[in-house]
Structure formats: structure tokens, C-alpha cells
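Structure file data.cif (mmCIF, C-alpha atoms) follows.
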data_target
loop_
_atom_site.group_PDB
_atom_site.id
_atom_site.type_symbol
_atom_site.label_atom_id
_atom_site.label_comp_id
_atom_site.auth_asym_id
_atom_site.auth_seq_id
_atom_site.Cartn_x
_atom_site.Cartn_y
_atom_site.Cartn_z
ATOM 1 C CA MET A 259 -18.911 -18.967 9.585
ATOM 2 C CA GLY A 260 -19.708 -17.814 13.078
ATOM 3 C CA HIS A 261 -22.787 -16.555 14.840
ATOM 4 C CA GLN A 262 -24.933 -13.449 15.061
ATOM 5 C CA LYS A 263 -24.512 -10.765 17.707
ATOM 6 C CA GLY A 264 -27.519 -8.516 17.288
ATOM 7 C CA ASN A 265 -27.569 -7.811 13.562
ATOM 8 C CA VAL A 266 -23.800 -8.142 13.120
ATOM 9 C CA ALA A 267 -22.251 -11.473 12.159
ATOM 10 C CA VAL A 268 -19.325 -12.621 14.276
ATOM 11 C CA THR A 269 -16.778 -14.810 12.516
ATOM 12 C CA LEU A 270 -14.723 -17.159 14.673
ATOM 13 C CA VAL A 271 -11.339 -18.390 13.436
ATOM 14 C CA THR A 272 -9.315 -20.937 15.361
ATOM 15 C CA ALA A 273 -5.647 -21.609 14.649
ATOM 16 C CA PRO A 274 -2.851 -23.705 16.180
ATOM 17 C CA ARG A 275 -0.399 -20.774 16.095
ATOM 18 C CA LEU A 276 -0.972 -17.008 16.105
ATOM 19 C CA PHE A 277 1.223 -13.928 15.881
ATOM 20 C CA VAL A 278 -0.012 -11.619 18.652
ATOM 21 C CA ASP A 279 1.692 -8.522 20.106
ATOM 22 C CA GLY A 280 4.940 -9.260 18.321
ATOM 23 C CA ARG A 281 5.324 -12.882 19.365
ATOM 24 C CA LEU A 282 4.275 -16.337 18.237
ATOM 25 C CA THR A 283 1.755 -17.985 20.504
ATOM 26 C CA GLY A 284 -1.231 -20.279 20.305
ATOM 27 C CA PRO A 285 -3.447 -22.068 19.938
ATOM 28 C CA GLY A 286 -6.178 -19.479 19.965
ATOM 29 C CA VAL A 287 -9.460 -18.165 18.616
ATOM 30 C CA VAL A 288 -9.989 -14.812 16.889
ATOM 31 C CA ALA A 289 -13.453 -13.240 16.820
ATOM 32 C CA ILE A 290 -14.106 -10.845 13.936
ATOM 33 C CA GLU A 291 -17.120 -8.541 14.031
ATOM 34 C CA GLY A 292 -18.032 -5.953 11.404
ATOM 35 C CA GLY A 293 -14.705 -6.410 9.638
ATOM 36 C CA ARG A 294 -12.684 -5.767 12.811
ATOM 37 C CA ILE A 295 -10.962 -8.053 15.303
ATOM 38 C CA ARG A 296 -13.129 -8.028 18.417
ATOM 39 C CA SER A 297 -11.130 -10.412 20.594
ATOM 40 C CA VAL A 298 -8.301 -12.930 20.685
ATOM 41 C CA THR A 299 -8.683 -15.830 23.108
ATOM 42 C CA LEU A 300 -5.460 -17.725 23.675
ATOM 43 C CA GLY A 301 -5.357 -21.327 24.804
ATOM 44 C CA ALA A 302 -8.593 -22.291 23.059
ATOM 45 C CA ARG A 303 -8.338 -25.054 20.478
ATOM 46 C CA HIS A 304 -11.804 -24.800 18.969
ATOM 47 C CA ALA A 305 -14.692 -22.360 19.034
ATOM 48 C CA GLY A 306 -17.657 -24.555 18.251
ATOM 49 C CA ALA A 307 -18.880 -26.423 15.211
ATOM 50 C CA ASP A 308 -19.432 -23.241 13.197
ATOM 51 C CA ALA A 309 -15.871 -21.912 13.609
ATOM 52 C CA MET A 310 -13.439 -21.583 10.720
ATOM 53 C CA VAL A 311 -10.686 -24.030 11.676
ATOM 54 C CA LEU A 312 -7.158 -23.571 10.302
ATOM 55 C CA PRO A 313 -5.420 -26.941 10.698
ATOM 56 C CA ASP A 314 -1.878 -25.582 10.318
ATOM 57 C CA GLY A 315 0.149 -22.451 9.616
ATOM 58 C CA VAL A 316 0.299 -19.158 11.499
ATOM 59 C CA LEU A 317 -2.642 -16.755 11.777
ATOM 60 C CA THR A 318 -1.278 -13.216 11.553
ATOM 61 C CA PRO A 319 -2.552 -9.718 10.791
ATOM 62 C CA GLY A 320 -2.287 -8.914 7.090
ATOM 63 C CA LEU A 321 0.930 -7.347 5.839
ATOM 64 C CA VAL A 322 0.873 -3.799 4.423
ATOM 65 C CA ASP A 323 3.485 -2.947 1.771
ATOM 66 C CA LEU A 324 4.024 0.788 1.222
ATOM 67 C CA GLN A 325 6.902 0.512 -1.247
ATOM 68 C CA ILE A 326 6.553 -2.136 -3.916
ATOM 69 C CA ASN A 327 7.434 -1.305 -7.514
ATOM 70 C CA GLY A 328 5.960 -4.368 -9.170
ATOM 71 C CA ALA A 329 5.027 -7.984 -8.686
ATOM 72 C CA PHE A 330 4.749 -11.219 -10.629
ATOM 73 C CA GLY A 331 6.809 -9.891 -13.514
ATOM 74 C CA VAL A 332 4.867 -6.634 -13.922
ATOM 75 C CA ASP A 333 6.208 -3.091 -13.387
ATOM 76 C CA PHE A 334 3.365 -1.032 -11.918
ATOM 77 C CA ALA A 335 4.161 1.836 -14.292
ATOM 78 C CA ASP A 336 3.189 -0.434 -17.211
ATOM 79 C CA ALA A 337 0.433 -2.503 -15.598
ATOM 80 C CA ARG A 338 -2.747 -3.127 -17.582
ATOM 81 C CA PRO A 339 -6.183 -3.850 -16.052
ATOM 82 C CA ASP A 340 -5.705 -7.634 -16.246
ATOM 83 C CA ASP A 341 -2.269 -7.248 -14.663
ATOM 84 C CA TRP A 342 -3.722 -5.405 -11.679
ATOM 85 C CA ARG A 343 -6.285 -8.161 -11.055
ATOM 86 C CA GLY A 344 -3.588 -10.827 -11.091
ATOM 87 C CA ILE A 345 -1.303 -8.763 -8.870
ATOM 88 C CA ARG A 346 -3.999 -8.145 -6.285
ATOM 89 C CA THR A 347 -5.022 -11.797 -6.038
ATOM 90 C CA GLY A 348 -1.380 -12.901 -6.063
ATOM 91 C CA LEU A 349 -0.312 -10.522 -3.303
ATOM 92 C CA LEU A 350 -3.189 -11.687 -1.118
ATOM 93 C CA ARG A 351 -1.805 -15.233 -1.349
ATOM 94 C CA THR A 352 1.474 -13.907 0.104
ATOM 95 C CA ALA A 353 -0.380 -12.379 3.119
ATOM 96 C CA VAL A 354 -0.136 -8.793 1.781
ATOM 97 C CA THR A 355 -3.647 -7.493 2.374
ATOM 98 C CA ALA A 356 -2.984 -3.859 1.368
ATOM 99 C CA PHE A 357 -0.299 -2.089 -0.641
ATOM 100 C CA ALA A 358 0.739 1.222 -2.179
ATOM 101 C CA PRO A 359 1.939 0.613 -5.752
ATOM 102 C CA THR A 360 5.193 2.561 -6.066
ATOM 103 C CA LEU A 361 5.993 4.507 -9.232
ATOM 104 C CA ILE A 362 9.588 5.617 -9.663
ATOM 105 C CA THR A 363 11.037 8.688 -11.363
ATOM 106 C CA ALA A 364 9.425 9.546 -14.694
ATOM 107 C CA ALA A 365 8.132 12.668 -16.426
ATOM 108 C CA PRO A 366 5.190 14.232 -14.522
ATOM 109 C CA ALA A 367 2.810 13.519 -17.443
ATOM 110 C CA ARG A 368 3.775 9.827 -17.416
ATOM 111 C CA LEU A 369 3.285 9.665 -13.665
ATOM 112 C CA ALA A 370 -0.125 11.345 -13.964
ATOM 113 C CA ALA A 371 -1.220 8.645 -16.424
ATOM 114 C CA SER A 372 0.029 5.924 -14.075
ATOM 115 C CA LEU A 373 -1.834 7.534 -11.168
ATOM 116 C CA ARG A 374 -5.060 7.334 -13.156
ATOM 117 C CA ALA A 375 -4.399 3.644 -13.864
ATOM 118 C CA VAL A 376 -3.747 2.925 -10.171
ATOM 119 C CA ASP A 377 -6.951 4.743 -9.216
ATOM 120 C CA ALA A 378 -8.984 2.748 -11.754
ATOM 121 C CA ALA A 379 -7.498 -0.515 -10.472
ATOM 122 C CA ALA A 380 -8.265 0.424 -6.866
ATOM 123 C CA ARG A 381 -11.927 0.986 -7.735
ATOM 124 C CA GLU A 382 -12.360 -2.507 -9.172
ATOM 125 C CA ASP A 383 -14.157 -5.011 -6.965
ATOM 126 C CA VAL A 384 -11.520 -7.735 -6.808
ATOM 127 C CA HIS A 385 -11.053 -10.389 -4.141
ATOM 128 C CA GLY A 386 -7.443 -9.494 -3.512
ATOM 129 C CA SER A 387 -5.046 -7.161 -1.789
ATOM 130 C CA ARG A 388 -6.444 -3.638 -1.330
ATOM 131 C CA ILE A 389 -4.779 -0.743 -3.161
ATOM 132 C CA LEU A 390 -4.211 2.135 -0.731
ATOM 133 C CA GLY A 391 -3.263 4.636 -3.438
ATOM 134 C CA ALA A 392 -0.013 5.168 -5.294
ATOM 135 C CA HIS A 393 3.375 5.951 -3.807
ATOM 136 C CA VAL A 394 5.202 8.278 -6.213
ATOM 137 C CA GLU A 395 8.940 8.203 -5.595
ATOM 138 C CA GLY A 396 10.386 10.996 -7.724
ATOM 139 C CA PRO A 397 10.979 12.832 -9.962
ATOM 140 C CA PHE A 398 11.682 15.501 -7.303
ATOM 141 C CA LEU A 399 14.760 13.734 -5.909
ATOM 142 C CA SER A 400 18.435 14.558 -5.581
ATOM 143 C CA PRO A 401 20.534 13.339 -8.522
ATOM 144 C CA ASP A 402 23.397 12.957 -6.024
ATOM 145 C CA TYR A 403 21.461 10.116 -4.377
ATOM 146 C CA HIS A 404 19.514 8.753 -7.325
ATOM 147 C CA GLY A 405 20.008 5.043 -6.616
ATOM 148 C CA ALA A 406 18.190 3.064 -9.320
ATOM 149 C CA HIS A 407 16.333 6.167 -10.547
ATOM 150 C CA ASP A 408 17.172 7.894 -13.831
ATOM 151 C CA ALA A 409 18.828 11.128 -12.694
ATOM 152 C CA SER A 410 18.267 12.740 -16.105
ATOM 153 C CA LEU A 411 14.499 12.710 -15.462
ATOM 154 C CA MET A 412 14.713 14.411 -12.066
ATOM 155 C CA CYS A 413 13.418 17.954 -11.759
ATOM 156 C CA ASP A 414 12.271 20.592 -9.286
ATOM 157 C CA PRO A 415 8.709 20.390 -7.943
ATOM 158 C CA THR A 416 7.657 23.624 -9.629
ATOM 159 C CA PRO A 417 4.025 24.737 -9.680
ATOM 160 C CA GLU A 418 3.939 23.792 -13.364
ATOM 161 C CA ALA A 419 5.239 20.274 -12.679
ATOM 162 C CA LEU A 420 2.641 19.813 -9.936
ATOM 163 C CA ASP A 421 -0.101 21.104 -12.244
ATOM 164 C CA VAL A 422 0.686 18.201 -14.555
ATOM 165 C CA LEU A 423 1.169 15.598 -11.831
ATOM 166 C CA LEU A 424 -2.069 16.499 -10.059
ATOM 167 C CA GLN A 425 -4.295 16.509 -13.143
ATOM 168 C CA GLY A 426 -6.025 13.410 -11.817
ATOM 169 C CA PRO A 427 -6.089 11.563 -8.513
ATOM 170 C CA PRO A 428 -3.271 12.637 -6.186
ATOM 171 C CA PRO A 429 -0.740 10.114 -4.938
ATOM 172 C CA ALA A 430 -1.276 8.723 -1.461
ATOM 173 C CA ILE A 431 2.441 9.151 -0.742
ATOM 174 C CA LEU A 432 5.080 11.186 -2.549
ATOM 175 C CA THR A 433 8.789 10.963 -1.763
ATOM 176 C CA LEU A 434 10.917 14.016 -2.555
ATOM 177 C CA ALA A 435 14.168 15.762 -1.662
ATOM 178 C CA PRO A 436 13.169 18.867 0.338
ATOM 179 C CA GLU A 437 16.265 20.870 -0.628
ATOM 180 C CA ARG A 438 15.098 21.178 -4.245
ATOM 181 C CA ALA A 439 13.775 24.561 -5.417
ATOM 182 C CA HIS A 440 10.029 25.047 -4.727
ATOM 183 C CA ALA A 441 9.976 21.941 -2.496
ATOM 184 C CA LEU A 442 8.502 23.575 0.603
ATOM 185 C CA ASP A 443 5.663 25.151 -1.385
ATOM 186 C CA ALA A 444 5.134 21.814 -3.118
ATOM 187 C CA ILE A 445 4.905 20.020 0.228
ATOM 188 C CA ALA A 446 2.168 22.414 1.353
ATOM 189 C CA ARG A 447 0.251 21.908 -1.892
ATOM 190 C CA LEU A 448 0.604 18.129 -1.859
ATOM 191 C CA THR A 449 -0.484 17.769 1.760
ATOM 192 C CA ALA A 450 -3.479 20.007 1.081
ATOM 193 C CA ALA A 451 -4.410 17.560 -1.687
ATOM 194 C CA GLY A 452 -4.356 14.706 0.834
ATOM 195 C CA CYS A 453 -0.915 13.351 -0.027
ATOM 196 C CA LEU A 454 1.539 12.199 2.649
ATOM 197 C CA VAL A 455 4.968 13.646 1.764
ATOM 198 C CA SER A 456 8.023 11.565 2.608
ATOM 199 C CA VAL A 457 11.675 12.625 2.527
ATOM 200 C CA GLY A 458 14.046 10.423 0.544
ATOM 201 C CA HIS A 459 16.906 10.299 -1.989
ATOM 202 C CA THR A 460 17.987 13.601 -0.496
ATOM 203 C CA ALA A 461 21.185 15.576 0.117
ATOM 204 C CA ALA A 462 19.456 17.663 2.794
ATOM 205 C CA THR A 463 20.979 17.981 6.235
ATOM 206 C CA ALA A 464 18.931 17.768 9.411
ATOM 207 C CA ALA A 465 18.960 21.575 9.571
#
In C-alpha cells, how does this file's structure come out?
Amino acid sequence: MGHQKGNVAVTLVTAPRLFVDGRLTGPGVVAIEGGRIRSVTLGARHAGADAMVLPDGVLTPGLVDLQINGAFGVDFADARPDDWRGIRTGLLRTAVTAFAPTLITAAPARLAASLRAVDAAAREDVHGSRILGAHVEGPFLSPDYHGAHDASLMCDPTPEALDVLLQGPPPAILTLAPERAHALDAIARLTAAGCLVSVGHTAATAA
């Protein structure tokens, strides 16, 4: 729905309530052009006969979940292709428009296999929440702060461990404890591969 501006379609969405700049407001009209929000006009109750009219609810930017280990009864480490399709459509119904499936501590070979599965799922054309890439949390964590992770599977991020982990697509995010042996070299290698490295489950001091 909407109208043409040049060769680009403009979609108009009108809603009774909107979440804008951190506060609830409304009514208002949102204009979307080329997949991006072009404008938000507050106070308007309709935008013409061709507008998409939401009769109730709150119109809000999509939620992005960067640490989610599973959904709808499925652990992402064990998800099959049909599971991923159901998860993506299900998450979209909860307003999560993008997410980073999080894989917790496991052997590097197991994580590498899960990374390949996440990558395959992300490439599928599914009307659902977008997969941003995997978040690997572990196994390079501190056993002193293991939380729900299996401390017996934790290890140092050695070159050999990274060789196995990075056999396929790299994780989008990897959480590690920087005080572990080889961690600083591993951080350089992971970032060079396009991975964002996060610090967590760590005994490191600020120094």
C-alpha cells in the first residue's frame, strides 16, 4: 500500500499509538521508502485511502535480540531446517525482526557444525525474523564464572581450536574471557575474520 515517488514505492502506515524516541505517542503516520523509514508524522489519524491502517496496538521499531539460545521449545544447537523456519516466523510474531542465535559452550567441532547450520538457515528466503549470524558464547570462558555453561568443556582459544571453529562461516559475535592463554591473538584473528568479540564469563580485572 502507498504511492510512488519516482520509481520507489512509498508505504504509508497509520497507527493510533507509536513508540518514537523512547516514548509512547500517537496517533501518527509512518512513511517507508526503499525499506527505510522516511518520516514520522505525529497527530495524523489517516494518510489517505491507500494507507495501511492499524486499528489498535502500538507501532514500534522491530526488536533485535543478540543473545537468545532457543525459542519455541528448540535449542539452537540442535535446530533442524524445519525448526529454523518455525522459529523465524514465530519470532516475527513477537516483534523480533532480527536475532543472533546464541550457541553456548561446546567442543569447537560441534560449534563449527552449528555455525554451518545457522548460516544455511540465514540464507533461506523465509518471511520471518532475520538471522544476523551466530553468537558463540564459549568455550573460551572462565570456569570460575561458568554460569549455566559446562565448565569441563571450556578451553583456551589456541590457534588449533580456532582452526576447527573457523572451518566454515565465522560467528557474528563471540564471547570469551580475555585472560585465557592465547586470547589476545585469538581476538585479533577473530576480528580479522569479521567477528565482533565480546568479553564475558571472565575473571579478568579492568587492568
Legend entry - Nearby residues (only C-alpha atoms) at most 12 Å from A:Gly396, same-chain spacing under 3 positions excluded, as a ChimeraX atom specification: /A:360-366,368-369,393,399-401,403-415,419-420,423,429,431-436,438,455-460
Expansion of the PyMOL selection byres ((chain A and resi 440) around 8) into residues, as a CSV table (one decimal) with C-alpha atoms, keeping the file's coordinate frame:
chain,number,residue,atom,x,y,z
A,414,ASP,CA,12.3,20.6,-9.3
A,415,PRO,CA,8.7,20.4,-7.9
A,416,THR,CA,7.7,23.6,-9.6
A,417,PRO,CA,4.0,24.7,-9.7
A,438,ARG,CA,15.1,21.2,-4.2
A,439,ALA,CA,13.8,24.6,-5.4
A,441,ALA,CA,10.0,21.9,-2.5
A,442,LEU,CA,8.5,23.6,0.6
A,443,ASP,CA,5.7,25.2,-1.4
A,444,ALA,CA,5.1,21.8,-3.1
Legend entry - Nearest to A:Gly306, chosen from A:Ser372, A:Gln325, A:Ser387, A:Thr269, with only C-alpha atoms counted in the distances: A:Thr269
Legend entry - Pick from A:Ala307, A:Val316, A:Ile290, A:Ala392 nearest to A:Arg374, counting all atoms listed in the file: A:Ala392
Legend entry - Residues matched by the PyMOL selection byres ((chain A and resi 323) around 10), written as number ranges by chain: A: 320-322, 324-326, 349, 354-360, 389-390
Inset, instruction - To verify the selection step, state as a ChimeraX atom specification which residues the PyMOL selection byres ((chain A and resi 293) around 12) yields on this input. - result: /A:266-270,289-292,294-296
Inset, instruction - Would you mind reading off the distance between atom CA of A:Val271 and atom CA of A:Gly301, one decimal, in Å? - result: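 Computed distance, atom CA of A:Val271 to atom CA of A:Gly301, equals 13.2 Å.
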Legend entry - Best match for closeness to A:Gly280 among A:Gly348, A:Ala370, A:Pro319, A:Arg303, counting all atoms listed in the file: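 Selected residue with least distance to A:Gly280: A:Pro319.
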Legend entry - Separation of atom CA of A:Glu418 from atom CA of A:Leu454, in Å and rounded to one decimal: 19.9 Å
Inset, instruction - State, in Å with one decimal place, the distance from atom CA of A:Phe398 to atom CA of A:Ala379. - result: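 According to the coordinates, atom CA of A:Phe398 and atom CA of A:Ala379 are separated by 25.2 Å.
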Legend entry - Best match for closeness to A:Met310 among A:Ala465, A:Leu350, A:Ala273, A:Val394, counting all atoms listed in the file: A:Ala273
Inset, instruction - Dump as a ChimeraX atom specification all residues having an atom at most 10 Å from (-7.5, -18.6, 22.4), computed in the file's coordinates with all atoms listed in the file. - result: /A:271-276,283-289,297-305
Inset, instruction - Considering only C-alpha atoms, state which residue in the set A:Ala367, A:Val422, A:Leu373, A:Ala430 is at the smallest distance from A:Gly391. - result: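 The closest residue to A:Gly391 is A:Ala430.
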Inset, instruction - Considering all atoms listed in the file, state which residue in the set A:Pro428, A:Arg381, A:Asp308, A:Gly386 is at the smallest distance from A:Arg346. - result: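 Smallest separation from A:Arg346 among the options: A:Gly386.
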